[in-house]
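Enquirer: Take a look at this one; I'll ask things after.
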Amino acid sequence: MPNGDNWQSDVLRDLRGGTPQYQHQQPVPPQQPQQQQPQAYPDLPPQHQQQAYPDPPPQHHQHQHHQAPPAHRVTPDSRPVLDKRLAAAALKPRRGEAFGVRALRAVRRTVSSSAAREVADSAATAEVLQQAVTTGRQIAVTSIRGGSGKTTVAALLGATYAHYRQDPVLLVEADPALGSLPLRLGAETLRWTTGDLAGLVEPQMSLLDVTGYLVQLPGNAWLLPGSQGRVGAMLDTTGYERVMVSLRRFFGVTVVDCETLPAEVARTALSAAQARVLTVPATLEGIASTRAVLEWMRNLPPHVLASTVVVLTEVAPHPGVDLGRATRELTEAGVTVRVLPYDRHLASGGTIRTDLLARATRHAATRLAADVFQLSQKQR
């Protein structure tokens, strides 16, 4: 077993461009009680097994347990994501679009020839999302201001990858200041956090060991929360690097919900990721600020801008800007630009149920996930 100093130097070397081999293993449920949650998407037809990973899946036994934390660390108590009294105040979740809109679309599809084209487009997108990877892809989602839909976009990306891919998907909350990713993903309880795992992770750990510290989500997805809902939780760049380099070999895709820029951990996450998503409110001030940030990013290595997708999120039913013109203006800076349309279900907050999303929202989220994944495949 390597000593701590050598392993830390390996961590930093890997973060700056190393490519540890991704080990394909089937995830094993953690030893913590399982949570019953609705499936994020309907089941897909069986897909062919990917042959990219030569290592056979490990043999699991009922008596096997994840590695115990070091004796000097106190095991944190499990805490609810949302207090029961607060949860009681939540109203029934709304559908993303009104009944009249859904009915009109159904009639149009019956009398038009667009259905076949939609099926073909969906199949092409699914093929992109199911591409094999040889090393885990890390996708960082950040913003330059709050209220831009950063966490919502991260949750949609994670749910989409978990739906389409057969290898494990990880969502990491690198925003410890009362982040809302666990709530948006429907997690019920939290225990270990990103900061906790930074002090526990070891290079000899297996996937079975690691998943004991994670929250299992629907499908093949796992969550590593940033905090337990307490003000003052901290995560430094060294801890973040240690966790991300150690976990990359276990997960085909990792989506990181970062702090807003210019926080130090967010900058580290952006530089280490293979693709980046910058969420922007579809407002005049949001677009103006983003244009300034993109101009600053021109001073960074060229691959940073080339692997960045700007997402204009509609925060109101009727945006106050021309989205087509705004898209063209931002595209000139050298990035891909996508629009996430206004959705009543997303705007209501709380747990995201993809079955309640508007059709346009589901289409936009799937296309965004495919675009970002393709960009990540072009990087080491």
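So you can find residues: chains in the structure tokens are A, B, ... in the order shown, residues in each start at 1, and ligands are numbered from 1 in order.
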Name all residues at most 7 Å from Gly226 of chain A (count only C-alpha atoms; drop same-chain ones fewer than 3 positions away) and give them as an NGL selection string.

Expert: :A and (173-176 or 179 or 193-194)

Enquirer: Can you pull out the residues contacting Thr336 of chain A? Cut-off 8 Å, using only C-alpha atoms, and skip same-chain residues under 5 positions away; I want them as a PyMOL selection string.

Expert: chain A and resi 306+308-310+331

Enquirer: Need to verify the contact set: Ala90 of chain A, 10 Å, only C-alpha atoms, exclusion of same-chain residues closer than 4 positions in sequence. Can you return it as a list in words?

Expert: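 Counting only the stated atoms, we get Arg85, Leu86, Ser348, Gly349 and Gly350 of chain A.
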
Enquirer: Would you compute the distance between atom CA of Leu346 of chain A and atom CA of Ala187 of chain A? Give it in Å to one decimal.

Expert: 16.7 Å

Enquirer: Go through A:Cys258, A:Pro302, A:Thr354, A:Thr283 one by one, measure the shortest atom-to-atom distance of each to Pro319 of chain A using only C-alpha atoms, and give the residue with the smallest value.

Expert: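 Of A:Cys258, A:Pro302, A:Thr354, A:Thr283, the one nearest Pro319 of chain A is A:Thr283, counting only C-alpha atoms.
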
Enquirer: What is the distance, in Å and to one decimal place, between atom CA of Asp196 of chain A and atom CA of Leu214 of chain A?

Expert: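 Separating atom CA of Asp196 of chain A from atom CA of Leu214 of chain A is a distance of 11.1 Å.
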
Enquirer: Taking the DSSP assignment computed from this structure's backbone, write out as JSON, numbers by chain all residues of segment 90-324 of chain A that belong to strand (DSSP E or B).

Expert: {"A": [137, 138, 139, 140, 141, 142, 143, 169, 170, 171, 172, 173, 174, 189, 190, 215, 216, 221, 222, 223, 224, 253, 254, 255, 256, 257, 258, 275, 276, 277, 278, 279, 280, 281, 308, 309, 310, 311, 312, 313]}

Enquirer: Of the residues A:Ala288, A:Val172, A:Ala140, A:Ala124, which is the one nearest to Thr260 of chain A, using only C-alpha atoms?

Expert: A:Ala140

Enquirer: Have a look at atom CA of Val215 of chain A and atom CA of Gly186 of chain A and let me know their distance in Å, one decimal.

Expert: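 Computing the Euclidean distance for atom CA of Val215 of chain A and atom CA of Gly186 of chain A yields 10.5 Å.
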
Enquirer: I'd like the neighbourhood of Gly324 of chain A as a PyMOL selection string, where a residue qualifies if any of its atoms comes within 12 Å (using only C-alpha atoms), though same-chain residues fewer than 3 positions away should be ignored.

Expert: chain A and resi 282+312+319+321+327-331+337-339

Enquirer: Now that the selection is made, can you save its residues with all heavy atoms as an mmCIF file, in the first residue's frame?

Expert:
data_model
loop_
_atom_site.group_PDB
_atom_site.id
_atom_site.type_symbol
_atom_site.label_atom_id
_atom_site.label_comp_id
_atom_site.auth_asym_id
_atom_site.auth_seq_id
_atom_site.Cartn_x
_atom_site.Cartn_y
_atom_site.Cartn_z
ATOM 1 N N ALA A 282 -32.216 33.654 -18.050
ATOM 2 C CA ALA A 282 -32.520 34.270 -19.354
ATOM 3 C C ALA A 282 -33.070 35.673 -19.143
ATOM 4 O O ALA A 282 -34.228 35.982 -19.447
ATOM 5 C CB ALA A 282 -33.499 33.405 -20.134
ATOM 6 N N LEU A 312 -29.206 28.817 -20.969
ATOM 7 C CA LEU A 312 -30.099 29.930 -20.641
ATOM 8 C C LEU A 312 -31.372 29.351 -20.040
ATOM 9 O O LEU A 312 -32.137 28.661 -20.713
ATOM 10 C CB LEU A 312 -30.432 30.731 -21.896
ATOM 11 C CG LEU A 312 -29.260 31.427 -22.602
ATOM 12 C CD1 LEU A 312 -29.747 32.103 -23.887
ATOM 13 C CD2 LEU A 312 -28.600 32.441 -21.688
ATOM 14 N N PRO A 319 -39.952 35.408 -21.113
ATOM 15 C CA PRO A 319 -38.662 36.078 -20.889
ATOM 16 C C PRO A 319 -38.654 37.485 -21.469
ATOM 17 O O PRO A 319 -39.347 37.783 -22.442
ATOM 18 C CB PRO A 319 -37.669 35.169 -21.620
ATOM 19 C CG PRO A 319 -38.488 34.458 -22.654
ATOM 20 C CD PRO A 319 -39.846 34.276 -22.040
ATOM 21 N N VAL A 321 -36.144 38.901 -22.918
ATOM 22 C CA VAL A 321 -35.099 39.050 -23.926
ATOM 23 C C VAL A 321 -35.428 38.165 -25.125
ATOM 24 O O VAL A 321 -36.195 37.206 -25.024
ATOM 25 C CB VAL A 321 -33.711 38.651 -23.364
ATOM 26 C CG1 VAL A 321 -33.282 39.598 -22.261
ATOM 27 C CG2 VAL A 321 -33.713 37.215 -22.867
ATOM 28 N N THR A 327 -28.753 33.881 -27.874
ATOM 29 C CA THR A 327 -27.997 32.669 -28.182
ATOM 30 C C THR A 327 -26.901 32.950 -29.197
ATOM 31 O O THR A 327 -25.751 32.501 -29.049
ATOM 32 C CB THR A 327 -28.941 31.574 -28.711
ATOM 33 O OG1 THR A 327 -29.893 31.228 -27.692
ATOM 34 C CG2 THR A 327 -28.169 30.332 -29.108
ATOM 35 N N ARG A 328 -27.230 33.710 -30.227
ATOM 36 C CA ARG A 328 -26.223 34.034 -31.245
ATOM 37 C C ARG A 328 -25.090 34.874 -30.665
ATOM 38 O O ARG A 328 -23.915 34.666 -30.991
ATOM 39 C CB ARG A 328 -26.889 34.769 -32.411
ATOM 40 C CG ARG A 328 -27.839 33.899 -33.234
ATOM 41 C CD ARG A 328 -28.263 34.603 -34.510
ATOM 42 N NE ARG A 328 -29.029 35.819 -34.253
ATOM 43 C CZ ARG A 328 -30.353 35.841 -34.116
ATOM 44 N NH1 ARG A 328 -31.048 34.708 -34.187
ATOM 45 N NH2 ARG A 328 -30.985 36.986 -33.907
ATOM 46 N N GLU A 329 -25.421 35.820 -29.801
ATOM 47 C CA GLU A 329 -24.402 36.678 -29.212
ATOM 48 C C GLU A 329 -23.416 35.866 -28.357
ATOM 49 O O GLU A 329 -22.202 36.078 -28.430
ATOM 50 C CB GLU A 329 -25.054 37.755 -28.347
ATOM 51 C CG GLU A 329 -25.820 38.811 -29.127
ATOM 52 C CD GLU A 329 -24.896 39.737 -29.910
ATOM 53 O OE1 GLU A 329 -23.736 39.913 -29.478
ATOM 54 O OE2 GLU A 329 -25.323 40.269 -30.954
ATOM 55 N N LEU A 330 -23.942 34.943 -27.566
ATOM 56 C CA LEU A 330 -23.075 34.152 -26.696
ATOM 57 C C LEU A 330 -22.302 33.099 -27.483
ATOM 58 O O LEU A 330 -21.160 32.773 -27.132
ATOM 59 C CB LEU A 330 -23.903 33.486 -25.586
ATOM 60 C CG LEU A 330 -24.572 34.454 -24.592
ATOM 61 C CD1 LEU A 330 -25.422 33.670 -23.601
ATOM 62 C CD2 LEU A 330 -23.539 35.293 -23.872
ATOM 63 N N THR A 331 -22.899 32.571 -28.544
ATOM 64 C CA THR A 331 -22.217 31.560 -29.353
ATOM 65 C C THR A 331 -20.959 32.129 -30.002
ATOM 66 O O THR A 331 -19.964 31.416 -30.207
ATOM 67 C CB THR A 331 -23.161 31.010 -30.438
ATOM 68 O OG1 THR A 331 -24.315 30.436 -29.806
ATOM 69 C CG2 THR A 331 -22.484 29.930 -31.269
ATOM 70 N N VAL A 337 -24.537 26.942 -26.824
ATOM 71 C CA VAL A 337 -25.599 27.571 -26.031
ATOM 72 C C VAL A 337 -26.885 26.772 -26.203
ATOM 73 O O VAL A 337 -27.277 26.430 -27.328
ATOM 74 C CB VAL A 337 -25.832 29.036 -26.455
ATOM 75 C CG1 VAL A 337 -26.921 29.672 -25.592
ATOM 76 C CG2 VAL A 337 -24.537 29.838 -26.339
ATOM 77 N N ARG A 338 -27.532 26.467 -25.099
ATOM 78 C CA ARG A 338 -28.816 25.760 -25.107
ATOM 79 C C ARG A 338 -29.800 26.513 -24.202
ATOM 80 O O ARG A 338 -29.396 27.228 -23.290
ATOM 81 C CB ARG A 338 -28.658 24.324 -24.624
ATOM 82 C CG ARG A 338 -27.850 23.438 -25.575
ATOM 83 C CD ARG A 338 -28.669 23.110 -26.803
ATOM 84 N NE ARG A 338 -27.901 22.305 -27.758
ATOM 85 C CZ ARG A 338 -27.362 22.776 -28.853
ATOM 86 N NH1 ARG A 338 -27.455 24.079 -29.143
ATOM 87 N NH2 ARG A 338 -26.708 21.997 -29.684
ATOM 88 N N VAL A 339 -31.082 26.318 -24.443
ATOM 89 C CA VAL A 339 -32.135 26.978 -23.662
ATOM 90 C C VAL A 339 -32.928 25.924 -22.904
ATOM 91 O O VAL A 339 -33.344 24.912 -23.487
ATOM 92 C CB VAL A 339 -33.084 27.784 -24.575
ATOM 93 C CG1 VAL A 339 -34.241 28.375 -23.754
ATOM 94 C CG2 VAL A 339 -32.325 28.887 -25.300
#

Enquirer: Output as a ChimeraX atom specification all residues of segment 153-225 of chain A that backbone DSSP marks as helix (DSSP H, G or I).

Expert: /A:153-164,181-185,194-198,207-211

Enquirer: Keeping only N, CA, C and O atoms, take the residues you just selected and write them out as a compact mmCIF listing (two decimals), in the first residue's frame.

Expert:
# COMPACT_ATOMS: atom_id res chain seq x y z
N VAL A 153 -30.33 22.07 -13.16
CA VAL A 153 -29.68 21.52 -14.35
C VAL A 153 -28.81 20.32 -13.98
O VAL A 153 -28.80 19.31 -14.68
N ALA A 154 -28.08 20.41 -12.87
CA ALA A 154 -27.26 19.28 -12.43
C ALA A 154 -28.13 18.05 -12.16
O ALA A 154 -27.77 16.93 -12.53
N ALA A 155 -29.27 18.25 -11.50
CA ALA A 155 -30.17 17.13 -11.21
C ALA A 155 -30.74 16.53 -12.50
O ALA A 155 -30.84 15.30 -12.63
N LEU A 156 -31.10 17.36 -13.46
CA LEU A 156 -31.64 16.86 -14.73
C LEU A 156 -30.58 16.07 -15.50
O LEU A 156 -30.88 15.02 -16.09
N LEU A 157 -29.35 16.58 -15.50
CA LEU A 157 -28.28 15.86 -16.18
C LEU A 157 -28.04 14.49 -15.53
O LEU A 157 -27.93 13.47 -16.22
N GLY A 158 -27.96 14.46 -14.21
CA GLY A 158 -27.74 13.20 -13.52
C GLY A 158 -28.85 12.20 -13.77
O GLY A 158 -28.58 11.01 -14.01
N ALA A 159 -30.11 12.65 -13.73
CA ALA A 159 -31.22 11.75 -13.99
C ALA A 159 -31.20 11.22 -15.42
O ALA A 159 -31.52 10.05 -15.67
N THR A 160 -30.81 12.06 -16.37
CA THR A 160 -30.76 11.64 -17.76
C THR A 160 -29.67 10.59 -17.98
O THR A 160 -29.91 9.56 -18.64
N TYR A 161 -28.48 10.82 -17.45
CA TYR A 161 -27.41 9.84 -17.61
C TYR A 161 -27.77 8.52 -16.92
O TYR A 161 -27.48 7.44 -17.46
N ALA A 162 -28.37 8.59 -15.75
CA ALA A 162 -28.75 7.36 -15.04
C ALA A 162 -29.80 6.58 -15.82
O ALA A 162 -29.85 5.35 -15.77
N HIS A 163 -30.66 7.30 -16.56
CA HIS A 163 -31.72 6.66 -17.33
C HIS A 163 -31.16 5.92 -18.54
O HIS A 163 -31.56 4.79 -18.84
N TYR A 164 -30.21 6.53 -19.22
CA TYR A 164 -29.74 5.97 -20.48
C TYR A 164 -28.52 5.05 -20.34
O TYR A 164 -28.35 4.13 -21.15
N LEU A 181 -29.28 20.08 -3.74
CA LEU A 181 -29.27 18.94 -4.65
C LEU A 181 -29.96 17.71 -4.06
O LEU A 181 -30.74 17.06 -4.77
N PRO A 182 -29.72 17.32 -2.81
CA PRO A 182 -30.42 16.14 -2.28
C PRO A 182 -31.94 16.29 -2.33
O PRO A 182 -32.65 15.32 -2.65
N LEU A 183 -32.45 17.48 -2.01
CA LEU A 183 -33.89 17.70 -2.06
C LEU A 183 -34.41 17.59 -3.48
O LEU A 183 -35.45 16.95 -3.73
N ARG A 184 -33.71 18.17 -4.45
CA ARG A 184 -34.15 18.12 -5.84
C ARG A 184 -34.15 16.70 -6.38
O ARG A 184 -34.94 16.34 -7.25
N LEU A 185 -33.25 15.86 -5.85
CA LEU A 185 -33.15 14.47 -6.31
C LEU A 185 -34.05 13.52 -5.55
O LEU A 185 -34.11 12.33 -5.88
N THR A 194 -19.30 15.18 1.27
CA THR A 194 -18.07 15.24 0.47
C THR A 194 -16.87 15.50 1.36
O THR A 194 -15.81 14.89 1.20
N GLY A 195 -17.00 16.42 2.31
CA GLY A 195 -15.91 16.70 3.23
C GLY A 195 -15.55 15.50 4.10
O GLY A 195 -14.37 15.24 4.37
N ASP A 196 -16.56 14.75 4.55
CA ASP A 196 -16.30 13.55 5.34
C ASP A 196 -15.52 12.52 4.53
O ASP A 196 -14.54 11.93 5.01
N LEU A 197 -15.95 12.28 3.30
CA LEU A 197 -15.34 11.25 2.48
C LEU A 197 -13.90 11.60 2.13
O LEU A 197 -13.06 10.71 1.94
N ALA A 198 -13.58 12.89 2.07
CA ALA A 198 -12.20 13.30 1.78
C ALA A 198 -11.24 12.77 2.83
O ALA A 198 -10.07 12.49 2.53
N LEU A 207 -15.63 -0.50 -5.13
CA LEU A 207 -16.93 0.15 -5.30
C LEU A 207 -17.86 -0.20 -4.16
O LEU A 207 -18.65 0.63 -3.69
N LEU A 208 -17.77 -1.42 -3.67
CA LEU A 208 -18.60 -1.85 -2.54
C LEU A 208 -18.30 -1.01 -1.31
O LEU A 208 -19.21 -0.61 -0.58
N ASP A 209 -17.02 -0.73 -1.07
CA ASP A 209 -16.65 0.12 0.07
C ASP A 209 -17.22 1.52 -0.09
O ASP A 209 -17.77 2.11 0.83
N VAL A 210 -17.06 2.08 -1.29
CA VAL A 210 -17.42 3.48 -1.55
C VAL A 210 -18.91 3.70 -1.42
O VAL A 210 -19.36 4.68 -0.83
N THR A 211 -19.71 2.80 -1.98
CA THR A 211 -21.16 3.03 -2.00
C THR A 211 -21.78 3.01 -0.60
O THR A 211 -22.89 3.50 -0.41

Enquirer: Point out the residue among A:Arg242, A:Thr152, A:Ser307, A:Thr313 with the least atom-to-atom distance to Arg353 of chain A, counting only C-alpha atoms.

Expert: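 Between A:Arg242, A:Thr152, A:Ser307, A:Thr313, the residue approaching Arg353 of chain A most closely is A:Thr152.
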
Enquirer: Ranking A:Gly239, A:Pro225, A:Gly147, A:Pro341 by minimum distance to Thr361 of chain A and counting only C-alpha atoms, which one comes first?

Expert: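 Checking each candidate against Thr361 of chain A, we get A:Pro341 as the closest.
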